[in-house]
file model-v8.cif (mmCIF, N, CA and C atoms)
data_model
#
loop_
_atom_site.label_atom_id
_atom_site.label_comp_id
_atom_site.auth_asym_id
_atom_site.auth_seq_id
_atom_site.Cartn_x
_atom_site.Cartn_y
_atom_site.Cartn_z
N MET A 216 104.02 123.33 103.63
CA MET A 216 103.79 122.10 102.89
C MET A 216 104.89 121.10 103.24
N LYS A 217 104.49 119.87 103.44
CA LYS A 217 105.44 118.84 103.83
C LYS A 217 106.33 118.43 102.66
N LEU A 218 107.55 118.01 102.98
CA LEU A 218 108.53 117.64 101.97
C LEU A 218 108.11 116.45 101.11
N PRO A 219 107.54 115.36 101.67
CA PRO A 219 107.15 114.23 100.81
C PRO A 219 106.09 114.59 99.77
N LYS A 220 105.23 115.58 100.08
CA LYS A 220 104.23 115.99 99.10
C LYS A 220 104.87 116.64 97.88
N ILE A 221 106.06 117.16 98.05
CA ILE A 221 106.78 117.77 96.94
C ILE A 221 107.70 116.76 96.27
N LEU A 222 108.37 115.92 97.08
CA LEU A 222 109.37 115.01 96.54
C LEU A 222 108.79 113.87 95.70
N VAL A 223 107.61 113.38 96.04
CA VAL A 223 107.04 112.26 95.27
C VAL A 223 106.76 112.65 93.83
N PRO A 224 106.06 113.76 93.56
CA PRO A 224 105.86 114.14 92.15
C PRO A 224 107.16 114.47 91.43
N ILE A 225 108.09 115.13 92.13
CA ILE A 225 109.37 115.45 91.50
C ILE A 225 110.14 114.16 91.20
N GLY A 226 110.09 113.19 92.13
CA GLY A 226 110.75 111.90 91.89
C GLY A 226 110.14 111.16 90.71
N CYS A 227 108.81 111.20 90.58
CA CYS A 227 108.14 110.54 89.45
C CYS A 227 108.54 111.20 88.13
N LEU A 228 108.58 112.53 88.13
CA LEU A 228 109.00 113.24 86.91
C LEU A 228 110.46 112.95 86.57
N ALA A 229 111.31 112.85 87.61
CA ALA A 229 112.72 112.53 87.38
C ALA A 229 112.86 111.12 86.81
N LEU A 230 112.10 110.17 87.34
CA LEU A 230 112.13 108.80 86.80
C LEU A 230 111.68 108.78 85.35
N LEU A 231 110.63 109.51 85.03
CA LEU A 231 110.16 109.57 83.65
C LEU A 231 111.22 110.18 82.73
N ALA A 232 111.89 111.24 83.20
CA ALA A 232 112.92 111.88 82.39
C ALA A 232 114.12 110.96 82.17
N VAL A 233 114.55 110.28 83.23
CA VAL A 233 115.69 109.35 83.10
C VAL A 233 115.32 108.19 82.18
N ALA A 234 114.12 107.67 82.31
CA ALA A 234 113.68 106.56 81.46
C ALA A 234 113.62 106.99 80.00
N PHE A 235 113.15 108.20 79.74
CA PHE A 235 113.07 108.67 78.36
C PHE A 235 114.46 108.90 77.78
N ASN A 236 115.36 109.49 78.58
CA ASN A 236 116.72 109.74 78.09
C ASN A 236 117.50 108.45 77.88
N THR A 237 117.22 107.44 78.68
CA THR A 237 117.97 106.18 78.57
C THR A 237 117.40 105.26 77.51
N TYR A 238 116.09 105.03 77.52
CA TYR A 238 115.47 104.04 76.64
C TYR A 238 114.49 104.62 75.63
N GLY A 239 114.33 105.91 75.62
CA GLY A 239 113.42 106.54 74.66
C GLY A 239 111.96 106.33 75.07
N TRP A 240 111.11 106.23 74.04
CA TRP A 240 109.68 106.11 74.30
C TRP A 240 109.31 104.82 75.03
N ARG A 241 110.07 103.75 74.76
CA ARG A 241 109.78 102.50 75.46
C ARG A 241 110.02 102.61 76.96
N GLY A 242 111.10 103.25 77.35
CA GLY A 242 111.39 103.46 78.77
C GLY A 242 110.34 104.34 79.42
N LEU A 243 109.90 105.37 78.69
CA LEU A 243 108.86 106.25 79.20
C LEU A 243 107.56 105.48 79.42
N ALA A 244 107.24 104.57 78.49
CA ALA A 244 106.01 103.77 78.61
C ALA A 244 106.10 102.82 79.80
N VAL A 245 107.24 102.20 80.01
CA VAL A 245 107.39 101.25 81.12
C VAL A 245 107.31 101.97 82.47
N VAL A 246 108.04 103.05 82.63
CA VAL A 246 108.02 103.79 83.89
C VAL A 246 106.66 104.43 84.11
N GLY A 247 106.05 104.95 83.06
CA GLY A 247 104.70 105.52 83.17
C GLY A 247 103.69 104.46 83.58
N GLY A 248 103.83 103.26 83.03
CA GLY A 248 102.95 102.16 83.44
C GLY A 248 103.16 101.76 84.89
N GLY A 249 104.40 101.77 85.34
CA GLY A 249 104.69 101.45 86.74
C GLY A 249 104.12 102.48 87.70
N ILE A 250 104.26 103.75 87.35
CA ILE A 250 103.71 104.82 88.19
C ILE A 250 102.19 104.74 88.21
N THR A 251 101.59 104.46 87.06
CA THR A 251 100.14 104.31 86.99
C THR A 251 99.66 103.15 87.85
N MET A 252 100.38 102.03 87.81
CA MET A 252 100.02 100.87 88.63
C MET A 252 100.12 101.20 90.11
N TRP A 253 101.15 101.93 90.50
CA TRP A 253 101.32 102.34 91.90
C TRP A 253 100.15 103.22 92.34
N LEU A 254 99.77 104.18 91.50
CA LEU A 254 98.64 105.05 91.83
C LEU A 254 97.34 104.26 91.92
N LEU A 255 97.14 103.31 91.02
CA LEU A 255 95.92 102.49 91.05
C LEU A 255 95.87 101.60 92.29
N LEU A 256 97.01 101.09 92.73
CA LEU A 256 97.04 100.29 93.96
C LEU A 256 96.61 101.12 95.17
N HIS A 257 97.11 102.33 95.26
CA HIS A 257 96.72 103.21 96.38
C HIS A 257 95.25 103.59 96.29
N PHE A 258 94.76 103.87 95.09
CA PHE A 258 93.36 104.21 94.92
C PHE A 258 92.46 103.03 95.29
N THR A 259 92.85 101.82 94.88
CA THR A 259 92.06 100.63 95.19
C THR A 259 92.02 100.38 96.69
N ARG A 260 93.15 100.55 97.36
CA ARG A 260 93.18 100.38 98.82
C ARG A 260 92.26 101.37 99.51
N MET A 261 92.32 102.63 99.07
CA MET A 261 91.47 103.65 99.67
C MET A 261 89.99 103.33 99.45
N MET A 262 89.63 102.92 98.26
CA MET A 262 88.23 102.60 97.97
C MET A 262 87.76 101.38 98.78
N THR A 263 88.62 100.39 98.96
CA THR A 263 88.27 99.21 99.75
C THR A 263 88.03 99.58 101.21
N VAL A 264 88.91 100.41 101.77
CA VAL A 264 88.75 100.84 103.16
C VAL A 264 87.46 101.63 103.32
N LEU A 265 87.18 102.54 102.41
CA LEU A 265 85.97 103.35 102.52
C LEU A 265 84.70 102.53 102.28
N LYS A 266 84.78 101.53 101.44
CA LYS A 266 83.62 100.65 101.21
C LYS A 266 83.30 99.86 102.48
N ARG A 267 84.32 99.34 103.15
CA ARG A 267 84.10 98.62 104.41
C ARG A 267 83.55 99.55 105.48
N ALA A 268 84.06 100.77 105.51
CA ALA A 268 83.61 101.72 106.52
C ALA A 268 82.17 102.17 106.27
N ALA A 269 81.75 102.17 105.03
CA ALA A 269 80.39 102.61 104.71
C ALA A 269 79.35 101.61 105.18
N GLU A 270 79.76 100.37 105.43
CA GLU A 270 78.83 99.33 105.84
C GLU A 270 78.63 99.28 107.36
N ARG A 271 79.31 100.13 108.10
CA ARG A 271 79.20 100.13 109.57
C ARG A 271 78.69 101.49 110.04
N PRO A 272 78.15 101.55 111.25
CA PRO A 272 77.69 102.84 111.78
C PRO A 272 78.86 103.81 111.98
N VAL A 273 78.59 105.08 111.82
CA VAL A 273 79.62 106.10 111.99
C VAL A 273 80.02 106.16 113.45
N GLY A 274 81.33 106.12 113.69
CA GLY A 274 81.84 106.26 115.04
C GLY A 274 81.77 105.02 115.89
N TYR A 275 81.53 103.84 115.31
CA TYR A 275 81.43 102.61 116.10
C TYR A 275 82.69 101.78 115.91
N VAL A 276 83.17 101.19 116.99
CA VAL A 276 84.30 100.28 116.96
C VAL A 276 83.96 99.10 117.87
N GLY A 277 84.47 97.93 117.56
CA GLY A 277 84.17 96.75 118.36
C GLY A 277 84.65 96.88 119.79
N SER A 278 85.87 97.37 119.99
CA SER A 278 86.43 97.53 121.33
C SER A 278 87.30 98.78 121.35
N ALA A 279 86.90 99.76 122.13
CA ALA A 279 87.67 100.99 122.24
C ALA A 279 89.02 100.74 122.92
N VAL A 280 89.05 99.79 123.84
CA VAL A 280 90.30 99.47 124.54
C VAL A 280 91.32 98.88 123.57
N MET A 281 90.87 97.99 122.70
CA MET A 281 91.78 97.40 121.71
C MET A 281 92.25 98.45 120.70
N LEU A 282 91.35 99.34 120.31
CA LEU A 282 91.75 100.42 119.42
C LEU A 282 92.81 101.29 120.08
N ASN A 283 92.61 101.61 121.34
CA ASN A 283 93.58 102.41 122.08
C ASN A 283 94.95 101.73 122.11
N ALA A 284 94.97 100.41 122.24
CA ALA A 284 96.24 99.68 122.29
C ALA A 284 96.93 99.64 120.93
N LYS A 285 96.17 99.67 119.85
CA LYS A 285 96.74 99.55 118.51
C LYS A 285 97.21 100.88 117.92
N LEU A 286 96.74 102.00 118.45
CA LEU A 286 97.07 103.29 117.87
C LEU A 286 98.53 103.65 118.09
N LYS A 287 99.10 104.31 117.08
CA LYS A 287 100.48 104.80 117.16
C LYS A 287 100.50 106.23 116.64
N PRO A 288 101.33 107.08 117.20
CA PRO A 288 101.39 108.45 116.68
C PRO A 288 101.97 108.47 115.27
N GLY A 289 101.42 109.36 114.44
CA GLY A 289 101.95 109.54 113.10
C GLY A 289 101.22 108.78 112.01
N VAL A 290 100.30 107.87 112.36
CA VAL A 290 99.56 107.17 111.31
C VAL A 290 98.49 108.10 110.76
N ASN A 291 98.10 107.87 109.51
CA ASN A 291 97.13 108.77 108.91
C ASN A 291 95.70 108.31 109.19
N LEU A 292 94.75 109.17 108.87
CA LEU A 292 93.34 108.90 109.15
C LEU A 292 92.86 107.67 108.41
N LEU A 293 93.31 107.46 107.18
CA LEU A 293 92.89 106.28 106.42
C LEU A 293 93.31 104.99 107.12
N HIS A 294 94.48 104.99 107.74
CA HIS A 294 94.95 103.81 108.47
C HIS A 294 94.06 103.53 109.68
N VAL A 295 93.67 104.57 110.39
CA VAL A 295 92.80 104.39 111.56
C VAL A 295 91.41 103.92 111.11
N VAL A 296 90.90 104.47 110.02
CA VAL A 296 89.61 104.01 109.49
C VAL A 296 89.70 102.55 109.07
N ALA A 297 90.83 102.13 108.51
CA ALA A 297 91.02 100.73 108.13
C ALA A 297 91.04 99.84 109.37
N MET A 298 91.64 100.30 110.47
CA MET A 298 91.67 99.50 111.70
C MET A 298 90.29 99.37 112.32
N THR A 299 89.53 100.45 112.33
CA THR A 299 88.22 100.44 112.98
C THR A 299 87.12 99.95 112.07
N ARG A 300 87.36 99.98 110.77
CA ARG A 300 86.36 99.65 109.75
C ARG A 300 85.11 100.52 109.90
N SER A 301 85.32 101.74 110.35
CA SER A 301 84.22 102.69 110.55
C SER A 301 84.77 104.10 110.44
N LEU A 302 83.99 104.98 109.86
CA LEU A 302 84.35 106.39 109.85
C LEU A 302 84.16 106.94 111.26
N GLY A 303 85.04 107.80 111.68
CA GLY A 303 84.92 108.38 113.00
C GLY A 303 83.88 109.49 113.03
N GLU A 304 83.29 109.67 114.19
CA GLU A 304 82.33 110.76 114.38
C GLU A 304 83.14 112.03 114.64
N GLN A 305 83.04 113.00 113.74
CA GLN A 305 83.84 114.21 113.87
C GLN A 305 83.30 115.07 115.00
N ARG A 306 84.18 115.41 115.94
CA ARG A 306 83.79 116.18 117.12
C ARG A 306 84.06 117.67 116.95
N ASP A 307 85.22 118.03 116.46
CA ASP A 307 85.53 119.44 116.24
C ASP A 307 86.64 119.57 115.22
N GLY A 308 86.95 120.80 114.87
CA GLY A 308 88.03 121.06 113.93
C GLY A 308 87.63 120.94 112.48
N ILE A 309 86.38 121.17 112.16
CA ILE A 309 85.93 121.05 110.78
C ILE A 309 86.62 122.13 109.95
N GLY A 310 87.37 121.69 108.95
CA GLY A 310 88.04 122.61 108.05
C GLY A 310 89.32 123.22 108.58
N THR A 311 89.85 122.71 109.68
CA THR A 311 91.09 123.24 110.24
C THR A 311 92.19 122.18 110.14
N GLN A 312 93.39 122.54 110.56
CA GLN A 312 94.51 121.61 110.51
C GLN A 312 94.43 120.54 111.60
N SER A 313 93.69 120.81 112.66
CA SER A 313 93.56 119.87 113.76
C SER A 313 92.10 119.41 113.85
N GLU A 314 91.87 118.12 113.65
CA GLU A 314 90.52 117.56 113.68
C GLU A 314 90.46 116.45 114.72
N THR A 315 89.32 116.33 115.39
CA THR A 315 89.13 115.30 116.40
C THR A 315 87.97 114.40 115.98
N TYR A 316 88.22 113.09 116.03
CA TYR A 316 87.21 112.09 115.71
C TYR A 316 87.01 111.18 116.91
N ARG A 317 85.81 110.61 117.06
CA ARG A 317 85.51 109.73 118.18
C ARG A 317 84.99 108.40 117.66
N TRP A 318 85.50 107.31 118.27
CA TRP A 318 85.00 105.97 118.04
C TRP A 318 84.51 105.41 119.37
N THR A 319 83.27 104.91 119.41
CA THR A 319 82.64 104.42 120.62
C THR A 319 82.32 102.94 120.46
N ASP A 320 82.45 102.16 121.54
CA ASP A 320 82.09 100.74 121.48
C ASP A 320 80.76 100.51 122.20
N GLY A 321 80.36 99.25 122.33
CA GLY A 321 79.08 98.90 122.93
C GLY A 321 78.97 99.21 124.41
N SER A 322 80.09 99.28 125.11
CA SER A 322 80.06 99.56 126.56
C SER A 322 80.17 101.06 126.86
N GLN A 323 80.01 101.88 125.85
CA GLN A 323 80.07 103.35 125.95
C GLN A 323 81.47 103.87 126.28
N SER A 324 82.50 103.03 126.12
CA SER A 324 83.87 103.52 126.17
C SER A 324 84.15 104.16 124.82
N TYR A 325 84.98 105.19 124.80
CA TYR A 325 85.27 105.81 123.52
C TYR A 325 86.71 106.30 123.47
N VAL A 326 87.19 106.44 122.24
CA VAL A 326 88.53 106.94 121.99
C VAL A 326 88.39 108.21 121.15
N ASP A 327 88.93 109.30 121.64
CA ASP A 327 88.99 110.55 120.88
C ASP A 327 90.37 110.65 120.27
N CYS A 328 90.43 110.74 118.94
CA CYS A 328 91.70 110.83 118.22
C CYS A 328 91.82 112.21 117.60
N THR A 329 92.93 112.87 117.83
CA THR A 329 93.19 114.19 117.25
C THR A 329 94.23 114.04 116.15
N PHE A 330 93.85 114.48 114.96
CA PHE A 330 94.73 114.41 113.79
C PHE A 330 95.17 115.83 113.45
N GLU A 331 96.45 116.01 113.29
CA GLU A 331 97.00 117.30 112.87
C GLU A 331 97.66 117.10 111.52
N SER A 332 97.16 117.83 110.53
CA SER A 332 97.62 117.71 109.13
C SER A 332 97.46 116.28 108.64
N GLY A 333 96.40 115.60 109.05
CA GLY A 333 96.11 114.26 108.57
C GLY A 333 96.82 113.14 109.30
N LYS A 334 97.68 113.45 110.25
CA LYS A 334 98.42 112.44 111.00
C LYS A 334 97.95 112.41 112.45
N LEU A 335 97.90 111.23 113.03
CA LEU A 335 97.45 111.07 114.41
C LEU A 335 98.47 111.69 115.35
N ALA A 336 98.03 112.69 116.11
CA ALA A 336 98.92 113.39 117.03
C ALA A 336 98.74 112.86 118.45
N ARG A 337 97.49 112.69 118.87
CA ARG A 337 97.23 112.20 120.23
C ARG A 337 95.85 111.57 120.26
N TRP A 338 95.66 110.73 121.29
CA TRP A 338 94.38 110.08 121.46
C TRP A 338 94.14 109.86 122.95
N ASN A 339 92.87 109.69 123.30
CA ASN A 339 92.50 109.57 124.69
C ASN A 339 91.37 108.55 124.82
N LEU A 340 91.58 107.54 125.65
CA LEU A 340 90.56 106.53 125.94
C LEU A 340 89.76 106.99 127.15
N THR A 341 88.44 106.98 127.04
CA THR A 341 87.56 107.32 128.15
C THR A 341 86.60 106.18 128.37
N ARG A 342 86.57 105.68 129.61
CA ARG A 342 85.67 104.59 129.96
C ARG A 342 84.56 105.13 130.85
N PRO A 343 83.36 104.54 130.75
CA PRO A 343 82.28 105.00 131.63
C PRO A 343 82.61 104.64 133.07
N PRO A 344 82.08 105.41 134.02
CA PRO A 344 82.36 105.08 135.42
C PRO A 344 81.77 103.72 135.78
N ALA A 345 82.52 102.97 136.55
CA ALA A 345 82.07 101.65 136.98
C ALA A 345 80.89 101.82 137.95
N PRO A 346 79.88 100.98 137.87
CA PRO A 346 78.78 101.10 138.80
C PRO A 346 79.26 100.83 140.23
N ASP A 347 78.72 101.58 141.16
CA ASP A 347 79.09 101.44 142.55
C ASP A 347 78.63 100.07 143.03
N GLU A 348 79.41 99.43 143.89
CA GLU A 348 79.07 98.08 144.37
C GLU A 348 77.74 98.07 145.11
N ASN A 349 77.45 99.12 145.88
CA ASN A 349 76.16 99.18 146.62
C ASN A 349 74.98 99.29 145.66
N GLU A 350 75.18 100.09 144.59
CA GLU A 350 74.11 100.25 143.60
C GLU A 350 73.92 98.96 142.82
N ALA A 351 75.02 98.28 142.50
CA ALA A 351 74.93 97.06 141.72
C ALA A 351 74.23 95.95 142.53
N ALA A 352 74.45 95.90 143.85
CA ALA A 352 73.85 94.88 144.68
C ALA A 352 72.34 95.13 144.87
N SER A 353 71.95 96.40 144.91
CA SER A 353 70.53 96.70 145.13
C SER A 353 69.72 96.71 143.84
N ALA A 354 70.39 96.73 142.69
CA ALA A 354 69.67 96.75 141.43
C ALA A 354 69.07 95.37 141.16
N PRO A 355 67.85 95.33 140.59
CA PRO A 355 67.22 94.03 140.32
C PRO A 355 67.86 93.32 139.17
#
call {"tool": "encode", "arguments": {"input": "model-v8.cif", "output": "structure tokens"}}
result
Amino acid sequence: MKLPKILVPIGCLALLAVAFNTYGWRGLAVVGGGITMWLLLHFTRMMTVLKRAAERPVGYVGSAVMLNAKLKPGVNLLHVVAMTRSLGEQRDGIGTQSETYRWTDGSQSYVDCTFESGKLARWNLTRPPAPDENEAASAP
């Protein structure tokens, strides 16, 4: 288990304890309200991202090349979904620590993103082969 998953709840409980010891019930109410507001902000962001993604086809992105340029290692899946405004098409890793999602654009270029423990570990841009010049010249 990762350290931030443990430290955030412990930090919230420590803030609540310090607020109660310092200011009593009023301090507990203020810090509790602040923590609740923080949780609601994160929940609202997640719901907004998922609502936008629900309105687009699964695995579609406007430009796979631009997505490839914007990706950084260590970002979470929600951040990538927010960038693409689309849920990725899951390729493999269902129910495991390593999952791969694909986003494809209109020119059939695609980006395969591998997430390990919810964080982007690696990605690969694949472009369709360019048509041969002889074939392109003879095509009507």
call {"tool": "residues_around", "arguments": {"input": "model-v8.cif", "residues": "stretch 296-313 of chain A", "least_positions_apart": "6", "cutoff": "5 Å", "atoms": "all atoms listed in the file", "output": "JSON, numbers by chain"}}
result
{"A": [267, 268, 273, 274, 330, 331, 332]}
call {"tool": "select_by_dssp", "arguments": {"input": "model-v8.cif", "residues": "stretch 223-332 of chain A", "states": "helix (DSSP H, G or I)", "output": "PyMOL selection string"}}
result
chain A and resi 223-238+240-269+279-285+292-299
call {"tool": "atom_distance", "arguments": {"input": "model-v8.cif", "atom1": "atom CA of A:Thr329", "atom2": "atom C of A:Val295"}}
result
12.1 Å
call {"tool": "atom_distance", "arguments": {"input": "model-v8.cif", "atom1": "atom CA of A:Asn339", "atom2": "atom C of A:Val264"}}
result
23.3 Å
call {"tool": "atom_distance", "arguments": {"input": "model-v8.cif", "atom1": "atom CA of A:Met261", "atom2": "atom N of A:Leu230"}}
result
24.9 Å
call {"tool": "select_by_dssp", "arguments": {"input": "model-v8.cif", "residues": "stretch 246-329 of chain A", "states": "strand (DSSP E or B)", "output": "VMD selection string"}}
result
chain A and resid 275 291 304 to 307 313 to 319 325 to 329
call {"tool": "closest_residue", "arguments": {"input": "model-v8.cif", "among": "A:Ser324, A:Thr263, A:Ser278, A:Thr237", "to": "A:Arg342", "atoms": "only C-alpha atoms"}}
result
A:Ser324
call {"tool": "closest_residue", "arguments": {"input": "model-v8.cif", "among": "A:Leu282, A:Arg317, A:Pro344, A:Ala234", "to": "A:Val246", "atoms": "only N, CA and C atoms"}}
result
A:Ala234
call {"tool": "resolve_selection", "arguments": {"input": "model-v8.cif", "expression": "the PyMOL selection byres ((chain A and resi 323) around 8)", "output": "list in words"}}
result
Ala279, Trp318, Thr319, Asp320, Gly321, Ser322, Ser324, Tyr325, Val326, Thr341, Arg342, Pro343 and Pro344 of chain A
call {"tool": "closest_residue", "arguments": {"input": "model-v8.cif", "among": "A:Leu340, A:Leu254, A:Val233, A:Ala269", "to": "A:Lys285", "atoms": "only C-alpha atoms"}}
result
A:Leu340
